[in-house]
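*Asks:* I have a structure I would like to understand better, so I am pasting it below and will then ask my questions one at a time.
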There are 2 protein chains.
Amino acid sequence: MVQRRPAADEDAGSRPLWFIPPASAAHRRRALTREDVVSEALAIIGADGVDALSMRTLATRLGVVPGALYRHVRNKEQLHDLVLDGVLAEVDHEVDDRLAWTQRVKVLAHRLRTVLEAHPGIAGLLKTRDPLGPHSLALAEAFLAALHASGLPGRETGLAFCLVFDYTVGFALSDPTSVNEQRVQNPATRNKLHAFLRSLPADRFPTLVALGKHVWLNNRDERFAAGLDVLIGGLDRPRRPPRRAGGRQPQR
Amino acid sequence: MVQRRPAADEDAGSRPLWFIPPASAAHRRRALTREDVVSEALAIIGADGVDALSMRTLATRLGVVPGALYRHVRNKEQLHDLVLDGVLAEVDHEVDDRLAWTQRVKVLAHRLRTVLEAHPGIAGLLKTRDPLGPHSLALAEAFLAALHASGLPGRETGLAFCLVFDYTVGFALSDPTSVNEQRVQNPATRNKLHAFLRSLPADRFPTLVALGKHVWLNNRDERFAAGLDVLIGGLDRPRRPPRRAGGRQPQR
DNA sequence: CGATACAGTGAACGCTGTTCACAGTCAATG
DNA sequence: CATTGACTGTGAACAGCGTTCACTGTATCG
């Protein structure tokens, strides 16, 4: 929280004891910049998640009236864009070139997930707003470069990028603070959930009764890693010969 | 929209001409049921998306004051749960058992995506609310049964289920009405986007400059099908021998 | 010194989800 | 049949949200 405005009583008669800073142009004018707004927004999100970010609380923490923010940011959506790029800047996109491409992709995906989950709610922005900020582009470049090293043709590389990126974002999106995850994290509610699954009519839900306990588990880390393995394993598979013409879409 | 309340002037002196229905219990009392609320909510979402669903508009369309809804639904979150199950009921979960398990999973995933995208915004609910309603369970059963037919052990089947389900939901979540998709759908803006990518400094973003045009494409259908292929291909791969102990997570 | 640009103010608008005392009507009871 | 009790819908309110707008005061430029 930035203290921007001199205390009221400082103007009102009580003289400063020794030295009053000249209130240089840099401090009084242009005191609030777009960077300030964005960084304070990041602070709020880092502390309380993206839902806690409202124009009003943001303005209050900056010592400013809500409407003032609109001098620096067109609307909340644009603020989200800026915040998003700020978060993605935290993802280290340097990877050892000597690693196998599969390892490089995995490392990047893990880093992305870590950063996204450190800022609850941010992943949601990625689903509606394309990240075209400088840091986001650097990250995309790193992913693309690693995938390109697989030797896949350009078009397939693009598809693979979408796949891996969407997988990671989608995974981070069901963040551990959501209701679902809370439910499986708490052993008591998890047991209740398993009991519920076991209690289902076995004639209508045989597999669910038998395997339900393997689905609702508190195993986010394992789930992410295993999914990533499957995914990259699938990419690493020798391409099959072009499937029978027009057979792209399985019959509905 | 249900007309539930007699017109005001009907009570106020103007006598009915011939016959006044007895306002039977079924009509006056219990006129509004939870099913009514949910089905009207589904209608709103089907027409204008999930964002258009507010307690006030829902109440208005039901000819009722907003607070009245809380006699039938504890809060909006619970309304979402009910709506969600109503939508998932539209997914046909019957699949031909004679198909290969890979085909069965693909068919189910395509159906799920179709239904989710027919109700913009619904996929978002699936990320925060676990679908434990009857229809949702039936769908989960179908997916699990198909995956179980792969011969994977129980735990891996659970992981595979999460993977396929999350993939489909995550994909549907970036629905075609979002900003990103609009951008690549419109040829003009897509060209602008490609031009922007080409204009990037080639020394810092070499792969992005070269392959960017393969990433931002209007190819949702191909993307979904290809991703699903990779994913199921990865699942279908012969399991490798248990990886070196503790080596689940690639080194950061 | 006067003119101009502009950050910040304060108030308002219209929207949201939710609560609460109250009124009216039905069904069951004495 | 009359009374009671349960319960649905009313109307108003509360607190919060994003956003707009006329206005004020200050800092900079000509």
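Ordered as shown in the structure tokens, chains take letters A, B, and onward, while each chain numbers its residues from 1 and ligands are numbered from 1 in the order shown.
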Write out as a PyMOL selection string which residues come within 12 Å of DC13 in chain C when counting only C-alpha atoms (C1' of nucleotides), dropping same-chain ones fewer than 2 positions away.
*Replies:* (chain C and resi 11+15) or (chain D and resi 18-21)
*Asks:* Please dump the current selection as an mmCIF file, in the first residue's frame; keep C-alpha atoms (C1' of nucleotides).
*Replies:*
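In the end it all went to part.cif:
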```cif
data_model
loop_
_atom_site.group_PDB
_atom_site.id
_atom_site.type_symbol
_atom_site.label_atom_id
_atom_site.label_comp_id
_atom_site.auth_asym_id
_atom_site.auth_seq_id
_atom_site.Cartn_x
_atom_site.Cartn_y
_atom_site.Cartn_z
ATOM 1 C "C1'" DA C 11 -21.474 11.565 -6.620
ATOM 2 C "C1'" DC C 15 -26.595 -3.780 -11.994
ATOM 3 C "C1'" DG D 18 -18.015 -1.727 -12.787
ATOM 4 C "C1'" DT D 19 -18.375 2.465 -14.926
ATOM 5 C "C1'" DT D 20 -19.407 7.468 -16.184
ATOM 6 C "C1'" DC D 21 -19.202 12.417 -15.670
#
```
*Asks:* Near range 89-97 of chain A, within 7 Å and counting only C-alpha atoms (C1' of nucleotides), which residues show up once chain neighbours fewer than 5 positions away are dropped, as a PyMOL selection string?
*Replies:* chain A and resi 104+108+111-112+115+135-136+139+142
*Asks:* Filtering to C-alpha atoms, could you give me those residues as a PDB file, in the first residue's frame?
*Replies:*
```
ATOM      1  CA  ARG A 104      12.165 -29.524 -21.899  1.00  0.00           C
ATOM      2  CA  LEU A 108       8.243 -25.724 -18.857  1.00  0.00           C
ATOM      3  CA  ARG A 111       6.950 -24.238 -14.122  1.00  0.00           C
ATOM      4  CA  LEU A 112       3.878 -22.766 -15.743  1.00  0.00           C
ATOM      5  CA  VAL A 115       3.252 -20.042 -11.225  1.00  0.00           C
ATOM      6  CA  HIS A 135       6.530 -12.063 -21.321  1.00  0.00           C
ATOM      7  CA  SER A 136       3.731 -14.260 -22.557  1.00  0.00           C
ATOM      8  CA  LEU A 139       7.000 -18.246 -22.804  1.00  0.00           C
ATOM      9  CA  ALA A 142      10.092 -21.470 -25.283  1.00  0.00           C
TER      10      ALA A 142
END
```
*Asks:* Please measure the separation of CA of Phe205 in chain B and CA of Ile45 in chain A, giving the value in Å to one decimal.
*Replies:*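 Taking CA of Phe205 in chain B as the start and CA of Ile45 in chain A as the end point, the length is 29.4 Å.
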*Asks:* Please provide as an MDAnalysis selection string all residues within 12 Å of Thr168 in chain B, with the sequence filter that same-chain residues fewer than 2 positions apart are discarded (counting only C-alpha atoms (C1' of nucleotides)).
*Replies:* (chainID A and resid 163 166:167 170:171) or (chainID B and resid 105:117 123:124 126:127 143 161:166 170:175 223:225 227:228 231)
*Asks:* Provide the C1' of DC22 in chain C to CA of Val64 in chain B distance in Å, to one decimal place.
*Replies:*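 CA of Val64 in chain B lies at a distance of 16.8 Å from C1' of DC22 in chain C.
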*Asks:* Fewer than 3 positions away in the same chain doesn't count, so skip those; otherwise give me all residues within 12 Å of Leu79 in chain A, counting only C-alpha atoms (C1' of nucleotides), as a ChimeraX atom specification.
*Replies:* /A:34-42,50,53-55,58,69-76,82-86,125,129
*Asks:* Would you export the selected residues with C-alpha atoms as a PDB file, in the first residue's frame, please?
*Replies:*
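Final file, again.pdb:
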```
ATOM      1  CA  ARG A  34      -0.058   2.312 -14.796  1.00  0.00           C
ATOM      2  CA  GLU A  35       2.775   0.240 -13.388  1.00  0.00           C
ATOM      3  CA  ASP A  36       1.693   1.142  -9.876  1.00  0.00           C
ATOM      4  CA  VAL A  37      -1.839   0.084 -10.597  1.00  0.00           C
ATOM      5  CA  VAL A  38      -0.798  -3.214 -12.108  1.00  0.00           C
ATOM      6  CA  SER A  39       1.714  -4.053  -9.411  1.00  0.00           C
ATOM      7  CA  GLU A  40      -0.784  -3.312  -6.660  1.00  0.00           C
ATOM      8  CA  ALA A  41      -3.307  -5.461  -8.499  1.00  0.00           C
ATOM      9  CA  LEU A  42      -0.731  -8.258  -8.587  1.00  0.00           C
ATOM     10  CA  VAL A  50      -8.226 -12.880  -8.423  1.00  0.00           C
ATOM     11  CA  LEU A  53      -9.482  -7.833  -7.060  1.00  0.00           C
ATOM     12  CA  SER A  54     -12.165  -5.214  -7.433  1.00  0.00           C
ATOM     13  CA  MET A  55     -11.729  -1.720  -8.762  1.00  0.00           C
ATOM     14  CA  LEU A  58      -7.662  -1.635  -5.641  1.00  0.00           C
ATOM     15  CA  LEU A  69      -8.164   4.151 -11.975  1.00  0.00           C
ATOM     16  CA  TYR A  70      -9.840   4.740 -15.310  1.00  0.00           C
ATOM     17  CA  ARG A  71      -7.215   7.363 -16.098  1.00  0.00           C
ATOM     18  CA  HIS A  72      -4.644   4.575 -16.256  1.00  0.00           C
ATOM     19  CA  VAL A  73      -6.604   1.557 -17.414  1.00  0.00           C
ATOM     20  CA  ARG A  74      -9.476   1.570 -19.858  1.00  0.00           C
ATOM     21  CA  ASN A  75     -11.499  -1.021 -17.966  1.00  0.00           C
ATOM     22  CA  LYS A  76     -11.141  -4.088 -15.815  1.00  0.00           C
ATOM     23  CA  LEU A  82      -1.766  -6.433 -17.896  1.00  0.00           C
ATOM     24  CA  VAL A  83      -1.941  -8.502 -14.748  1.00  0.00           C
ATOM     25  CA  LEU A  84      -1.792 -11.670 -16.792  1.00  0.00           C
ATOM     26  CA  ASP A  85       1.393 -10.691 -18.526  1.00  0.00           C
ATOM     27  CA  GLY A  86       2.837  -9.699 -15.178  1.00  0.00           C
ATOM     28  CA  LEU A 125      -8.017 -15.203 -17.462  1.00  0.00           C
ATOM     29  CA  ARG A 129      -7.766 -13.489 -22.967  1.00  0.00           C
TER      30      ARG A 129
END
```
*Asks:* Nearest to chain B: which of A:Ala195, A:Ala149, A:Ala138, A:Leu32 is it, counting only C-alpha atoms?
*Replies:*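 Answer, going by the shortest atom-to-atom distance: A:Ala138.
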*Asks:* Identify, on the basis of only C-alpha atoms (C1' of nucleotides), every residue whose closest approach to DC20 in chain C does not exceed 12 Å; exclude the query and any residue fewer than 5 positions from it along the same chain; express the result as a PyMOL selection string.
*Replies:* (chain B and resi 67) or (chain D and resi 10-14)
*Asks:* Please determine, counting only C-alpha atoms, which residue among A:Ala145, A:Ala188, A:Ala100, A:Ala202 has the shortest atom-to-atom distance to chain B.
*Replies:*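 Of the candidates, the smallest distance to chain B is held by A:Ala145.
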*Asks:* May I ask for the distance between CA of Thr60 in chain A and CA of Gly46 in chain A, given in Å to one decimal place?
*Replies:*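 According to the coordinates, CA of Thr60 in chain A and CA of Gly46 in chain A are separated by 17.0 Å.
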